[in-house]
>>> print(open('structure-v6.cif').read())   # mmCIF, C-alpha atoms
data_query
loop_
_atom_site.label_atom_id
_atom_site.label_comp_id
_atom_site.auth_asym_id
_atom_site.auth_seq_id
_atom_site.Cartn_x
_atom_site.Cartn_y
_atom_site.Cartn_z
CA MET A 233 0.00 0.00 0.00
CA LYS A 234 0.93 3.63 -0.31
CA ILE A 235 0.78 4.89 3.28
CA ALA A 236 1.00 8.47 4.54
CA VAL A 237 2.42 8.68 8.07
CA LEU A 238 1.52 12.08 9.47
CA GLY A 239 3.94 13.01 12.24
CA GLY A 240 6.35 10.33 11.05
CA ASP A 241 9.36 12.09 12.58
CA GLY A 242 8.04 11.54 16.11
CA PHE A 243 8.45 9.06 18.94
CA VAL A 244 5.95 6.52 17.60
CA GLY A 245 5.72 7.81 14.03
CA TRP A 246 9.37 7.10 13.16
CA PRO A 247 9.50 3.41 14.21
CA THR A 248 6.07 2.91 12.62
CA SER A 249 7.37 4.32 9.32
CA LEU A 250 10.37 1.97 9.41
CA HIS A 251 8.21 -1.03 10.32
CA LEU A 252 5.78 -0.45 7.46
CA SER A 253 8.54 0.30 4.95
CA ALA A 254 10.27 -2.95 5.93
CA GLN A 255 7.06 -4.79 5.05
CA GLY A 256 7.20 -3.42 1.53
CA HIS A 257 4.76 -0.51 1.79
CA ASP A 258 5.42 2.79 0.00
CA VAL A 259 5.75 5.11 3.00
CA HIS A 260 5.43 8.90 2.85
CA ILE A 261 6.18 10.90 6.01
CA ILE A 262 4.35 14.22 6.35
CA ASP A 263 5.64 16.34 9.21
CA ASN A 264 6.20 19.99 10.10
CA LEU A 265 9.14 19.00 12.38
CA SER A 266 7.49 20.91 15.25
CA ARG A 267 8.72 18.38 17.81
CA ARG A 268 12.30 19.41 17.03
CA TRP A 269 11.39 23.09 17.44
CA ILE A 270 9.80 22.29 20.82
CA ASP A 271 13.11 20.73 21.90
CA THR A 272 14.74 24.05 21.05
CA GLU A 273 12.05 25.98 22.94
CA LEU A 274 12.45 23.83 26.05
CA GLY A 275 16.25 23.84 25.88
CA VAL A 276 16.41 20.06 25.90
CA GLN A 277 17.32 17.33 23.43
CA SER A 278 16.51 13.70 22.87
CA LEU A 279 18.75 11.48 25.00
CA THR A 280 19.56 9.58 21.82
CA PRO A 281 21.29 11.67 19.11
CA MET A 282 18.87 12.27 16.24
CA ASP A 283 19.94 13.18 12.72
CA SER A 284 17.74 15.21 10.40
CA ILE A 285 14.77 13.42 8.88
CA GLN A 286 16.51 13.58 5.49
CA GLU A 287 19.60 11.86 6.88
CA ARG A 288 17.52 9.25 8.71
CA THR A 289 15.67 8.32 5.52
CA ARG A 290 18.97 8.26 3.58
CA ILE A 291 20.44 5.78 6.08
CA TRP A 292 17.27 3.67 5.85
CA HIS A 293 17.66 3.48 2.07
CA GLN A 294 21.35 2.65 2.44
CA GLU A 295 20.63 -0.20 4.87
CA THR A 296 17.53 -1.70 3.24
CA GLY A 297 17.28 -0.45 -0.33
CA ARG A 298 13.84 0.90 0.50
CA ARG A 299 12.86 4.56 0.28
CA ILE A 300 10.80 6.60 2.74
CA HIS A 301 9.68 9.91 1.25
CA PHE A 302 9.50 13.08 3.34
CA HIS A 303 7.14 16.03 2.79
CA LEU A 304 7.32 19.19 4.92
CA ILE A 305 3.66 20.13 5.48
CA ASP A 306 1.95 21.69 8.49
CA LEU A 307 -1.45 19.97 8.66
CA ALA A 308 -2.94 22.57 11.00
CA ARG A 309 -1.99 25.54 8.79
CA ASP A 310 -1.34 24.34 5.24
CA TYR A 311 -4.80 23.09 4.31
CA GLU A 312 -4.52 23.78 0.57
CA VAL A 313 -1.06 22.21 0.39
CA LEU A 314 -2.35 19.12 2.23
CA LYS A 315 -5.41 18.88 0.01
CA ALA A 316 -3.30 19.14 -3.15
CA TRP A 317 -0.91 16.46 -1.88
CA LEU A 318 -3.76 14.07 -1.07
CA ALA A 319 -5.39 14.70 -4.46
CA GLU A 320 -2.15 13.92 -6.28
CA GLU A 321 -0.76 11.02 -4.23
CA ARG A 322 -4.04 9.37 -3.11
CA PRO A 323 -2.61 7.12 -0.39
CA ASP A 324 -4.38 3.86 0.43
CA ALA A 325 -4.06 4.50 4.17
CA ILE A 326 -3.25 7.48 6.39
CA ILE A 327 -1.79 7.10 9.87
CA HIS A 328 -2.30 10.24 11.93
CA PHE A 329 0.28 10.94 14.64
CA ALA A 330 0.53 14.67 13.85
CA GLU A 331 -0.53 16.11 17.22
CA GLN A 332 1.24 17.72 20.16
CA ARG A 333 1.39 14.68 22.44
CA ALA A 334 2.46 15.82 25.91
CA ALA A 335 -0.06 16.58 28.64
CA PRO A 336 2.42 18.61 30.75
CA TYR A 337 3.44 20.73 27.74
CA SER A 338 -0.22 21.44 27.01
CA MET A 339 -0.63 22.82 30.56
CA LYS A 340 2.51 24.99 30.78
CA SER A 341 0.79 28.31 30.03
CA ASP A 342 -2.14 29.85 28.20
CA ARG A 343 0.04 30.00 25.06
CA HIS A 344 0.76 26.28 25.23
CA LYS A 345 -2.93 25.51 25.77
CA ASN A 346 -3.85 27.53 22.68
CA TYR A 347 -1.10 25.95 20.60
CA THR A 348 -2.16 22.42 21.55
CA VAL A 349 -5.83 23.04 20.72
CA ASN A 350 -5.09 24.90 17.47
CA ASN A 351 -2.56 22.34 16.29
CA ASN A 352 -4.33 19.14 17.27
CA VAL A 353 -7.95 19.93 16.46
CA ASN A 354 -7.18 21.80 13.23
CA ALA A 355 -4.84 19.06 12.03
CA SER A 356 -7.49 16.37 12.49
CA HIS A 357 -10.28 18.41 10.95
CA ASN A 358 -8.19 19.68 8.03
CA LEU A 359 -7.26 16.11 7.21
CA LEU A 360 -10.84 14.80 7.25
CA ASN A 361 -12.15 17.84 5.39
CA ALA A 362 -9.52 17.43 2.66
CA MET A 363 -10.15 13.69 2.33
CA VAL A 364 -13.84 14.31 1.68
CA GLU A 365 -13.18 17.24 -0.66
CA VAL A 366 -10.88 15.24 -2.97
CA GLY A 367 -13.01 12.06 -2.76
CA LEU A 368 -10.30 10.00 -1.07
CA ASP A 369 -11.47 6.67 0.37
CA SER A 370 -8.35 6.01 2.45
CA HIS A 371 -8.40 4.11 5.73
CA LEU A 372 -7.55 6.68 8.42
CA ILE A 373 -5.83 5.34 11.54
CA HIS A 374 -5.51 7.83 14.40
CA LEU A 375 -3.33 7.48 17.46
CA GLY A 376 -5.43 8.55 20.42
CA THR A 377 -4.94 7.94 24.11
CA MET A 378 -6.35 5.93 27.00
CA GLY A 379 -6.62 9.30 28.72
CA VAL A 380 -9.90 10.06 26.92
CA TYR A 381 -11.55 7.75 29.46
CA GLY A 382 -10.07 9.56 32.45
CA TYR A 383 -8.66 7.74 35.46
CA SER A 384 -11.59 7.61 37.85
CA THR A 385 -12.43 4.34 39.56
CA VAL A 386 -15.87 3.01 38.64
CA GLY A 387 -15.32 -0.64 39.55
CA ALA A 388 -15.77 -1.89 35.99
CA ALA A 389 -13.50 -2.61 33.01
CA ILE A 390 -13.21 0.18 30.45
CA PRO A 391 -14.65 -1.08 27.15
CA GLU A 392 -13.08 -0.49 23.74
CA GLY A 393 -14.57 2.87 22.89
CA TYR A 394 -18.28 2.17 23.13
CA LEU A 395 -20.50 1.66 26.14
CA PRO A 396 -23.78 -0.27 25.75
CA VAL A 397 -26.54 1.57 27.61
CA GLY A 398 -30.24 1.08 28.14
CA ILE A 399 -32.42 4.15 27.55
CA GLU A 400 -36.01 4.33 28.75
CA THR A 401 -38.44 5.40 26.01
CA MET A 402 -41.53 7.56 26.44
CA ALA A 403 -43.58 4.37 26.37
CA GLY A 404 -41.65 2.94 29.31
CA ASP A 405 -39.69 0.42 27.26
CA THR A 406 -35.90 0.10 27.33
CA VAL A 407 -33.90 0.40 24.12
CA GLN A 408 -30.24 -0.50 23.80
CA GLN A 409 -27.73 1.90 22.30
CA ASP A 410 -23.94 2.05 22.01
CA ILE A 411 -22.53 5.42 22.99
CA LEU A 412 -18.96 6.68 23.23
CA TYR A 413 -17.60 5.93 26.69
CA PRO A 414 -18.05 9.20 28.63
CA ALA A 415 -15.05 11.42 28.03
CA ASN A 416 -13.16 12.59 31.11
CA PRO A 417 -9.99 14.40 29.97
CA GLY A 418 -7.31 15.23 32.52
CA SER A 419 -5.44 17.89 30.52
CA ILE A 420 -5.79 20.16 27.49
CA TYR A 421 -3.93 17.53 25.46
CA HIS A 422 -6.40 14.83 26.51
CA MET A 423 -9.26 17.23 25.81
CA THR A 424 -8.12 17.57 22.18
CA LYS A 425 -8.19 13.79 21.82
CA CYS A 426 -11.76 13.79 23.14
CA LEU A 427 -12.67 16.42 20.54
CA ASP A 428 -11.02 14.24 17.89
CA GLN A 429 -13.42 11.45 18.81
CA LEU A 430 -16.45 13.63 18.07
CA VAL A 431 -14.98 14.86 14.79
CA PHE A 432 -14.36 11.26 13.73
CA GLN A 433 -17.89 10.22 14.64
CA PHE A 434 -19.32 12.99 12.47
CA TYR A 435 -17.21 12.29 9.40
CA ALA A 436 -17.78 8.53 9.60
CA LYS A 437 -21.54 9.10 9.85
CA ASN A 438 -21.86 12.00 7.41
CA ASP A 439 -19.31 11.14 4.73
CA GLY A 440 -18.55 7.44 5.23
CA VAL A 441 -14.89 8.02 6.07
CA ARG A 442 -13.30 4.76 7.23
CA ILE A 443 -11.67 5.48 10.58
CA THR A 444 -9.85 3.46 13.23
CA ASP A 445 -9.09 5.24 16.52
CA LEU A 446 -6.40 3.68 18.71
CA HIS A 447 -6.63 4.57 22.40
CA GLN A 448 -3.03 3.98 23.37
CA GLY A 449 -1.44 3.53 26.77
CA ILE A 450 1.92 4.99 27.85
CA VAL A 451 4.67 3.84 25.50
CA TRP A 452 7.96 2.60 26.95
CA GLY A 453 11.12 1.14 25.51
CA THR A 454 13.61 2.39 22.95
CA HIS A 455 14.26 -0.04 20.14
CA THR A 456 12.24 -1.87 17.52
CA ASP A 457 13.64 -4.48 15.12
CA GLN A 458 14.19 -1.76 12.50
CA THR A 459 15.80 0.92 14.70
CA ARG A 460 18.48 -1.62 15.67
CA LEU A 461 19.71 -1.88 12.07
CA HIS A 462 21.93 1.23 12.30
CA ASP A 463 22.94 3.67 15.04
CA GLN A 464 21.50 6.58 13.05
CA LEU A 465 18.05 4.95 12.91
CA VAL A 466 17.68 5.11 16.70
CA ASN A 467 14.36 6.38 18.01
CA ARG A 468 14.10 9.57 20.05
CA PHE A 469 14.17 9.17 23.84
CA ASP A 470 12.59 11.91 25.93
CA TYR A 471 13.51 12.21 29.60
CA ASP A 472 12.46 15.77 30.49
CA GLY A 473 9.56 16.69 32.74
CA ASP A 474 7.24 17.57 29.86
CA TYR A 475 7.79 14.85 27.25
CA GLY A 476 9.44 11.97 29.10
CA THR A 477 7.00 9.12 29.75
CA VAL A 478 6.97 7.85 33.31
CA LEU A 479 8.70 4.47 32.95
CA ASN A 480 11.38 5.73 30.57
CA ARG A 481 12.00 8.61 33.00
CA PHE A 482 12.47 6.19 35.89
CA LEU A 483 14.95 4.15 33.87
CA ILE A 484 17.11 7.09 32.91
CA GLN A 485 16.93 8.54 36.41
CA ALA A 486 18.22 5.22 37.73
CA ALA A 487 20.95 5.08 35.09
CA ILE A 488 22.42 8.46 36.07
CA GLY A 489 21.95 8.19 39.84
CA TYR A 490 19.06 10.64 39.99
CA PRO A 491 16.15 10.04 42.43
CA LEU A 492 13.18 8.25 40.84
CA THR A 493 10.57 11.01 41.03
CA VAL A 494 7.09 9.81 42.01
CA HIS A 495 4.49 12.55 42.16
CA GLY A 496 1.84 12.37 44.87
CA THR A 497 1.31 8.94 46.40
CA GLY A 498 2.23 7.12 43.20
CA GLY A 499 -1.16 5.46 43.39
CA GLN A 500 -2.03 6.43 39.82
CA THR A 501 -2.64 3.29 37.76
CA ARG A 502 -1.73 3.64 34.11
CA ALA A 503 -1.87 1.47 31.00
CA PHE A 504 1.41 0.64 29.22
CA ILE A 505 2.62 -0.73 25.91
CA HIS A 506 6.11 -1.43 24.55
CA ILE A 507 7.16 0.51 21.44
CA GLN A 508 7.52 -2.73 19.44
CA ASP A 509 3.93 -3.68 20.27
CA SER A 510 2.75 -0.20 19.38
CA VAL A 511 3.98 -0.49 15.79
CA ARG A 512 2.66 -4.04 15.58
CA CYS A 513 -0.82 -2.86 16.64
CA ILE A 514 -0.81 -0.26 13.89
CA GLU A 515 0.06 -2.98 11.38
CA LEU A 516 -2.85 -5.11 12.64
CA ALA A 517 -5.23 -2.14 12.42
CA LEU A 518 -4.11 -1.53 8.82
CA LYS A 519 -4.93 -5.11 7.90
CA ASN A 520 -8.40 -4.94 9.46
CA PRO A 521 -10.05 -1.73 8.25
CA PRO A 522 -13.71 -0.85 8.82
CA GLY A 523 -16.03 -0.80 5.83
CA ARG A 524 -17.36 2.38 4.26
CA GLY A 525 -20.38 3.46 6.30
CA ASP A 526 -19.25 1.55 9.42
CA LYS A 527 -18.97 3.35 12.72
CA VAL A 528 -15.50 4.34 13.91
CA LYS A 529 -13.55 1.25 14.94
CA ILE A 530 -11.95 1.78 18.36
CA PHE A 531 -9.19 -0.33 19.92
CA ASN A 532 -7.61 -0.03 23.36
CA GLN A 533 -3.92 -0.20 22.43
CA MET A 534 -2.29 -1.36 25.65
CA THR A 535 -0.93 -4.59 27.07
CA GLU A 536 -0.75 -4.16 30.87
CA THR A 537 -1.50 -1.79 33.75
CA HIS A 538 0.71 -0.80 36.70
CA ARG A 539 0.69 1.61 39.62
CA VAL A 540 3.35 4.30 39.31
CA ARG A 541 4.85 3.61 42.75
CA ASP A 542 5.11 -0.12 41.95
CA LEU A 543 7.06 0.70 38.79
CA ALA A 544 9.37 2.99 40.72
CA GLU A 545 10.03 0.30 43.33
CA LEU A 546 10.66 -2.29 40.61
CA VAL A 547 13.22 -0.08 38.87
CA ALA A 548 14.81 0.89 42.21
CA ARG A 549 15.26 -2.78 43.14
CA MET A 550 16.71 -3.58 39.74
CA THR A 551 19.17 -0.69 39.67
CA GLY A 552 19.83 0.20 43.30
CA GLY A 553 18.16 3.57 42.82
CA THR A 554 16.26 5.64 45.37
CA VAL A 555 12.64 6.83 45.16
CA ALA A 556 11.64 10.41 45.94
CA TYR A 557 7.97 11.25 46.55
CA LEU A 558 7.25 14.79 45.36
CA PRO A 559 4.19 17.09 45.14
CA ASN A 560 2.01 16.27 42.14
CA PRO A 561 1.85 18.93 39.40
CA ARG A 562 -1.33 17.36 38.04
CA LYS A 563 -4.88 17.83 39.25
CA GLU A 564 -5.94 14.19 39.60
CA ALA A 565 -7.08 11.58 42.07
CA ALA A 566 -4.32 10.43 44.41
CA GLU A 567 -5.23 6.77 43.83
CA ASN A 568 -7.12 5.00 41.08
CA ASP A 569 -7.68 1.52 39.76
CA LEU A 570 -7.68 0.83 36.05
CA VAL A 571 -9.10 -2.25 34.36
CA VAL A 572 -9.02 -2.11 30.57
CA LYS A 573 -10.40 -4.41 27.90
CA ASN A 574 -8.08 -5.09 24.96
CA GLU A 575 -9.56 -8.24 23.46
CA GLN A 576 -9.66 -6.94 19.87
CA PHE A 577 -5.91 -6.78 19.31
CA LEU A 578 -5.39 -10.08 21.14
CA ALA A 579 -7.98 -11.68 18.87
CA LEU A 580 -6.10 -10.35 15.83
CA GLY A 581 -2.92 -12.11 16.96
CA LEU A 582 -1.03 -9.59 19.11
CA ASP A 583 1.49 -11.40 21.33
CA PRO A 584 2.07 -8.79 24.06
CA THR A 585 5.54 -7.75 25.16
CA THR A 586 5.20 -7.50 28.91
CA LEU A 587 7.36 -5.52 31.28
CA GLU A 588 10.36 -7.76 31.83
CA GLN A 589 13.69 -7.06 33.48
CA GLY A 590 15.65 -7.80 30.30
CA LEU A 591 13.82 -5.10 28.35
CA LEU A 592 14.08 -2.68 31.25
CA SER A 593 17.82 -3.34 31.38
CA GLU A 594 18.05 -2.60 27.66
CA VAL A 595 16.62 0.86 28.24
CA VAL A 596 19.00 1.45 31.17
CA ASP A 597 21.91 0.45 28.92
CA VAL A 598 20.80 3.00 26.33
CA ALA A 599 20.45 5.62 29.05
CA LYS A 600 23.96 4.91 30.39
CA LYS A 601 25.45 5.06 26.89
CA PHE A 602 24.09 8.56 26.32
CA ALA A 603 24.09 9.83 29.92
CA TYR A 604 26.58 12.55 28.93
CA ARG A 605 23.74 14.19 26.95
CA VAL A 606 21.46 14.59 29.98
CA ASP A 607 20.72 18.05 31.33
CA ARG A 608 19.77 17.20 34.91
CA SER A 609 18.01 20.55 35.34
CA ARG A 610 15.41 19.49 32.74
CA ILE A 611 14.36 16.32 34.57
CA PRO A 612 11.96 17.82 37.18
CA ALA A 613 8.28 17.94 36.18
CA VAL A 614 7.28 21.54 36.86
CA SER A 615 4.39 22.25 34.47
CA ALA A 616 1.51 22.81 36.90
CA TRP A 617 -2.12 22.05 36.07
CA THR A 618 -3.41 25.10 37.98
CA LYS A 619 -1.97 28.33 39.34
CA ASP A 620 -2.68 27.10 42.87
CA ILE A 621 -0.54 24.00 42.37
CA ALA A 622 2.47 25.81 40.85
CA PRO A 623 3.99 27.17 44.11
CA THR A 624 3.94 23.70 45.73
CA LEU A 625 6.15 21.97 43.17
CA GLU A 626 9.63 20.69 43.90
CA ARG A 627 12.12 22.01 41.35
CA ASP A 628 15.25 20.61 42.98
CA PRO A 629 14.73 16.90 43.79
CA GLU A 630 18.48 16.32 44.23
CA GLY A 631 18.72 19.06 46.86
CA LYS A 632 21.56 20.78 45.04
CA ARG A 633 20.55 24.20 46.38
CA LEU A 634 21.03 22.96 49.94
CA LYS A 635 24.27 21.15 49.11
CA SER A 636 25.73 24.30 47.60
CA VAL A 637 25.09 26.45 50.68
CA GLY A 638 28.28 27.41 52.54
#
>>> encode(input="structure-v6.cif", output="structure tokens")
Amino acid sequence: MKIAVLGGDGFVGWPTSLHLSAQGHDVHIIDNLSRRWIDTELGVQSLTPMDSIQERTRIWHQETGRRIHFHLIDLARDYEVLKAWLAEERPDAIIHFAEQRAAPYSMKSDRHKNYTVNNNVNASHNLLNAMVEVGLDSHLIHLGTMGVYGYSTVGAAIPEGYLPVGIETMAGDTVQQDILYPANPGSIYHMTKCLDQLVFQFYAKNDGVRITDLHQGIVWGTHTDQTRLHDQLVNRFDYDGDYGTVLNRFLIQAAIGYPLTVHGTGGQTRAFIHIQDSVRCIELALKNPPGRGDKVKIFNQMTETHRVRDLAELVARMTGGTVAYLPNPRKEAAENDLVVKNEQFLALGLDPTTLEQGLLSEVVDVAKKFAYRVDRSRIPAVSAWTKDIAPTLERDPEGKRLKSVG
């Protein structure tokens, strides 16, 4: 197939592009490279050294003989350019990663809130609008988040997208209906993903767009089979307080002798998936598209759930690290349970990669190799959800201010 990977320069987009190219697909990356500009804004860099997208694709061609094409397009702003590209290239499938993906970044300031909403919602709507306008019957696969469900404890498993409900009619009868599971976003970023859901529902109903929405858990790990082929194909690895995902952050903190920072009680239960499984799920979704006129197909893209404090203690035992409990920058419940259904991907043949010490050690090894690139001052999570929370945050978990006195 000819496949457009929107946001293909990113954390999940890049290994997905390699994975699909390795399978023989004609892969086209569309990206505005905004993630690299955000690194510059934040004064931080990927732990792993990343070449330009042009150099990465050149190395891929050198190693495999296969080409990945790159197109510099801003989906949220360049509607006419996007529409013209879709009309000319007419991809068979479109994988949509092109959204600002960090909850803490989306809550940093009013400017960051506006940027996240403008970028994410416009990108999704521009894409759907253009597909309809040029008569493109591509299968659209969108990477969403488990966070659309929220993290409240209701004592029941979260279904895959839809909740069957009984509604009492005027005549006193009960009719059954499937509705979207009630949205409960915990950040501006998560809110944009909830808005995406509604936009998808409309375009599937109104225009017959074939859409699969993947509600993904927290991604961990570094390598996939393809990124191992050459040092310059390595995936990005974020460790900072805005973009670093919790387990990867623990692993790098342990590797450099930094306290493992748990915010609040650590009782937050989260869903996780390894990066190799993430790209495999996208492949499975590609092979099982909905039909034209079908409702949006929704998968829960996760393989296991863990409490944050349990993960910290696991990594501390494995590495000899220490755990520091800090004030929570997020406005969320101190403790929650999380039970998630993921039968659809298992039924399609996913063999989950579970959290094992060998894979954790692999990430620690990567972290140690590139530890010289770490800016320790960028590790604390200091983007506060509200103005009331901001003054309570700990910006110096290592206590360096105290150590430097006298």
>>> closest_atom_pairs(input="structure-v6.cif", of="segment 319-416 of chain A", to="segment 605-614 of chain A", cutoff="10 Å", atoms="all atoms listed in the file", output="CSV")
residue,atom,partner,partner_atom,distance
A:Pro336,CA,A:Ala613,CA,8.0
A:Tyr337,CA,A:Val614,CA,9.9
A:Lys340,CA,A:Val614,CA,8.5
>>> write_last_selection(input="structure-v6.cif", atoms="C-alpha atoms", output="PDB file, in the coordinates of the input")
ATOM      1  CA  PRO A 336       2.420  18.610  30.750  1.00  0.00           C
ATOM      2  CA  TYR A 337       3.440  20.730  27.740  1.00  0.00           C
ATOM      3  CA  LYS A 340       2.510  24.990  30.780  1.00  0.00           C
TER       4      LYS A 340
END
>>> resolve_selection(input="structure-v6.cif", expression="the PyMOL selection byres ((chain A and resi 543) around 12)", output="ChimeraX atom specification")
/A:478-483,492-494,498-504,537-542,544-550,555,587-589,592
>>> write_last_selection(input="structure-v6.cif", atoms="C-alpha atoms", output="compact mmCIF listing (two decimals), in the frame of the given file")
# COMPACT_ATOMS: atom_id res chain seq x y z
CA VAL A 478 6.97 7.85 33.31
CA LEU A 479 8.70 4.47 32.95
CA ASN A 480 11.38 5.73 30.57
CA ARG A 481 12.00 8.61 33.00
CA PHE A 482 12.47 6.19 35.89
CA LEU A 483 14.95 4.15 33.87
CA LEU A 492 13.18 8.25 40.84
CA THR A 493 10.57 11.01 41.03
CA VAL A 494 7.09 9.81 42.01
CA GLY A 498 2.23 7.12 43.20
CA GLY A 499 -1.16 5.46 43.39
CA GLN A 500 -2.03 6.43 39.82
CA THR A 501 -2.64 3.29 37.76
CA ARG A 502 -1.73 3.64 34.11
CA ALA A 503 -1.87 1.47 31.00
CA PHE A 504 1.41 0.64 29.22
CA THR A 537 -1.50 -1.79 33.75
CA HIS A 538 0.71 -0.80 36.70
CA ARG A 539 0.69 1.61 39.62
CA VAL A 540 3.35 4.30 39.31
CA ARG A 541 4.85 3.61 42.75
CA ASP A 542 5.11 -0.12 41.95
CA ALA A 544 9.37 2.99 40.72
CA GLU A 545 10.03 0.30 43.33
CA LEU A 546 10.66 -2.29 40.61
CA VAL A 547 13.22 -0.08 38.87
CA ALA A 548 14.81 0.89 42.21
CA ARG A 549 15.26 -2.78 43.14
CA MET A 550 16.71 -3.58 39.74
CA VAL A 555 12.64 6.83 45.16
CA LEU A 587 7.36 -5.52 31.28
CA GLU A 588 10.36 -7.76 31.83
CA GLN A 589 13.69 -7.06 33.48
CA LEU A 592 14.08 -2.68 31.25
>>> resolve_selection(input="structure-v6.cif", expression="the PyMOL selection byres ((chain A and resi 262) around 9)", output="list in words")
Ala236, Val237, Leu238, Gly239, Gly240, Asp241, His260, Ile261, Asp263, Asn264, His301, Phe302, His303, Leu304, Ile305, Asp306, Leu307 and Ala330 of chain A
>>> write_last_selection(input="structure-v6.cif", atoms="C-alpha atoms", output="PDB file, in the coordinates of the input")
ATOM      1  CA  ALA A 236       1.000   8.470   4.540  1.00  0.00           C
ATOM      2  CA  VAL A 237       2.420   8.680   8.070  1.00  0.00           C
ATOM      3  CA  LEU A 238       1.520  12.080   9.470  1.00  0.00           C
ATOM      4  CA  GLY A 239       3.940  13.010  12.240  1.00  0.00           C
ATOM      5  CA  GLY A 240       6.350  10.330  11.050  1.00  0.00           C
ATOM      6  CA  ASP A 241       9.360  12.090  12.580  1.00  0.00           C
ATOM      7  CA  HIS A 260       5.430   8.900   2.850  1.00  0.00           C
ATOM      8  CA  ILE A 261       6.180  10.900   6.010  1.00  0.00           C
ATOM      9  CA  ASP A 263       5.640  16.340   9.210  1.00  0.00           C
ATOM     10  CA  ASN A 264       6.200  19.990  10.100  1.00  0.00           C
ATOM     11  CA  HIS A 301       9.680   9.910   1.250  1.00  0.00           C
ATOM     12  CA  PHE A 302       9.500  13.080   3.340  1.00  0.00           C
ATOM     13  CA  HIS A 303       7.140  16.030   2.790  1.00  0.00           C
ATOM     14  CA  LEU A 304       7.320  19.190   4.920  1.00  0.00           C
ATOM     15  CA  ILE A 305       3.660  20.130   5.480  1.00  0.00           C
ATOM     16  CA  ASP A 306       1.950  21.690   8.490  1.00  0.00           C
ATOM     17  CA  LEU A 307      -1.450  19.970   8.660  1.00  0.00           C
ATOM     18  CA  ALA A 330       0.530  14.670  13.850  1.00  0.00           C
TER      19      ALA A 330
END
>>> atom_distance(input="structure-v6.cif", atom1="atom CA of His257 of chain A", atom2="atom CA of Leu516 of chain A")
14.0 Å
>>> atom_distance(input="structure-v6.cif", atom1="atom CA of Asn350 of chain A", atom2="atom CA of Met423 of chain A")
12.1 Å
>>> atom_distance(input="structure-v6.cif", atom1="atom CA of Arg290 of chain A", atom2="atom CA of Ala254 of chain A")
14.4 Å
>>> resolve_selection(input="structure-v6.cif", expression="the PyMOL selection byres ((chain A and resi 315) around 10)", output="number ranges by chain")
A: 307, 310-314, 316-320, 358-366
>>> closest_atom_pairs(input="structure-v6.cif", of="segment 303-348 of chain A", to="segment 443-454 of chain A", cutoff="12 Å", atoms="all atoms listed in the file", output="CSV")
residue,atom,partner,partner_atom,distance
A:Ala325,CA,A:Ile443,CA,10.0
A:Ile326,CA,A:Ile443,CA,9.6
A:Ile327,CA,A:Thr444,CA,9.5
A:His328,CA,A:Asp445,CA,9.6
A:Phe329,CA,A:Leu446,CA,10.7
A:Arg333,CA,A:Ile450,CA,11.1
A:Ala334,CA,A:Ile450,CA,11.0
A:Ala335,CA,A:Ile450,CA,11.8
>>> residues_around(input="structure-v6.cif", residues="Ser615 of chain A", least_positions_apart="6", cutoff="12 Å", atoms="only C-alpha atoms", output="JSON list (two decimals) with C-alpha atoms, keeping the file's coordinate frame")
[["chain", "number", "residue", "atom", "x", "y", "z"],
["A", 274, "LEU", "CA", 12.45, 23.83, 26.05],
["A", 334, "ALA", "CA", 2.46, 15.82, 25.91],
["A", 335, "ALA", "CA", -0.06, 16.58, 28.64],
["A", 336, "PRO", "CA", 2.42, 18.61, 30.75],
["A", 337, "TYR", "CA", 3.44, 20.73, 27.74],
["A", 338, "SER", "CA", -0.22, 21.44, 27.01],
["A", 339, "MET", "CA", -0.63, 22.82, 30.56],
["A", 340, "LYS", "CA", 2.51, 24.99, 30.78],
["A", 341, "SER", "CA", 0.79, 28.31, 30.03],
["A", 342, "ASP", "CA", -2.14, 29.85, 28.20],
["A", 344, "HIS", "CA", 0.76, 26.28, 25.23],
["A", 345, "LYS", "CA", -2.93, 25.51, 25.77],
["A", 419, "SER", "CA", -5.44, 17.89, 30.52],
["A", 472, "ASP", "CA", 12.46, 15.77, 30.49],
["A", 473, "GLY", "CA", 9.56, 16.69, 32.74],
["A", 474, "ASP", "CA", 7.24, 17.57, 29.86],
["A", 475, "TYR", "CA", 7.79, 14.85, 27.25],
["A", 559, "PRO", "CA", 4.19, 17.09, 45.14],
["A", 560, "ASN", "CA", 2.01, 16.27, 42.14],
["A", 561, "PRO", "CA", 1.85, 18.93, 39.40],
["A", 562, "ARG", "CA", -1.33, 17.36, 38.04],
["A", 563, "LYS", "CA", -4.88, 17.83, 39.25],
["A", 621, "ILE", "CA", -0.54, 24.00, 42.37],
["A", 622, "ALA", "CA", 2.47, 25.81, 40.85],
["A", 623, "PRO", "CA", 3.99, 27.17, 44.11],
["A", 624, "THR", "CA", 3.94, 23.70, 45.73],
["A", 625, "LEU", "CA", 6.15, 21.97, 43.17],
["A", 626, "GLU", "CA", 9.63, 20.69, 43.90],
["A", 627, "ARG", "CA", 12.12, 22.01, 41.35]]
>>> residues_near_point(input="structure-v6.cif", point="(-8.5, 3.2, 19.8)", cutoff="9 Å", atoms="only C-alpha atoms", output="VMD selection string")
chain A and resid 373 to 378 392 to 393 444 to 448 529 to 533
>>> residues_around(input="structure-v6.cif", residues="Leu461 of chain A", least_positions_apart="4", cutoff="12 Å", atoms="all atoms listed in the file", output="PyMOL selection string")
chain A and resi 247+250-251+254+288+291-296+455-457+465-467
>>> residues_around(input="structure-v6.cif", residues="Ala388 of chain A", least_positions_apart="5", cutoff="9 Å", atoms="all atoms listed in the file", output="VMD selection string")
chain A and resid 570 to 572
>>> residues_around(input="structure-v6.cif", residues="Asp258 of chain A", least_positions_apart="3", cutoff="8 Å", atoms="only C-alpha atoms", output="number ranges by chain")
A: 233-235, 253, 299-300
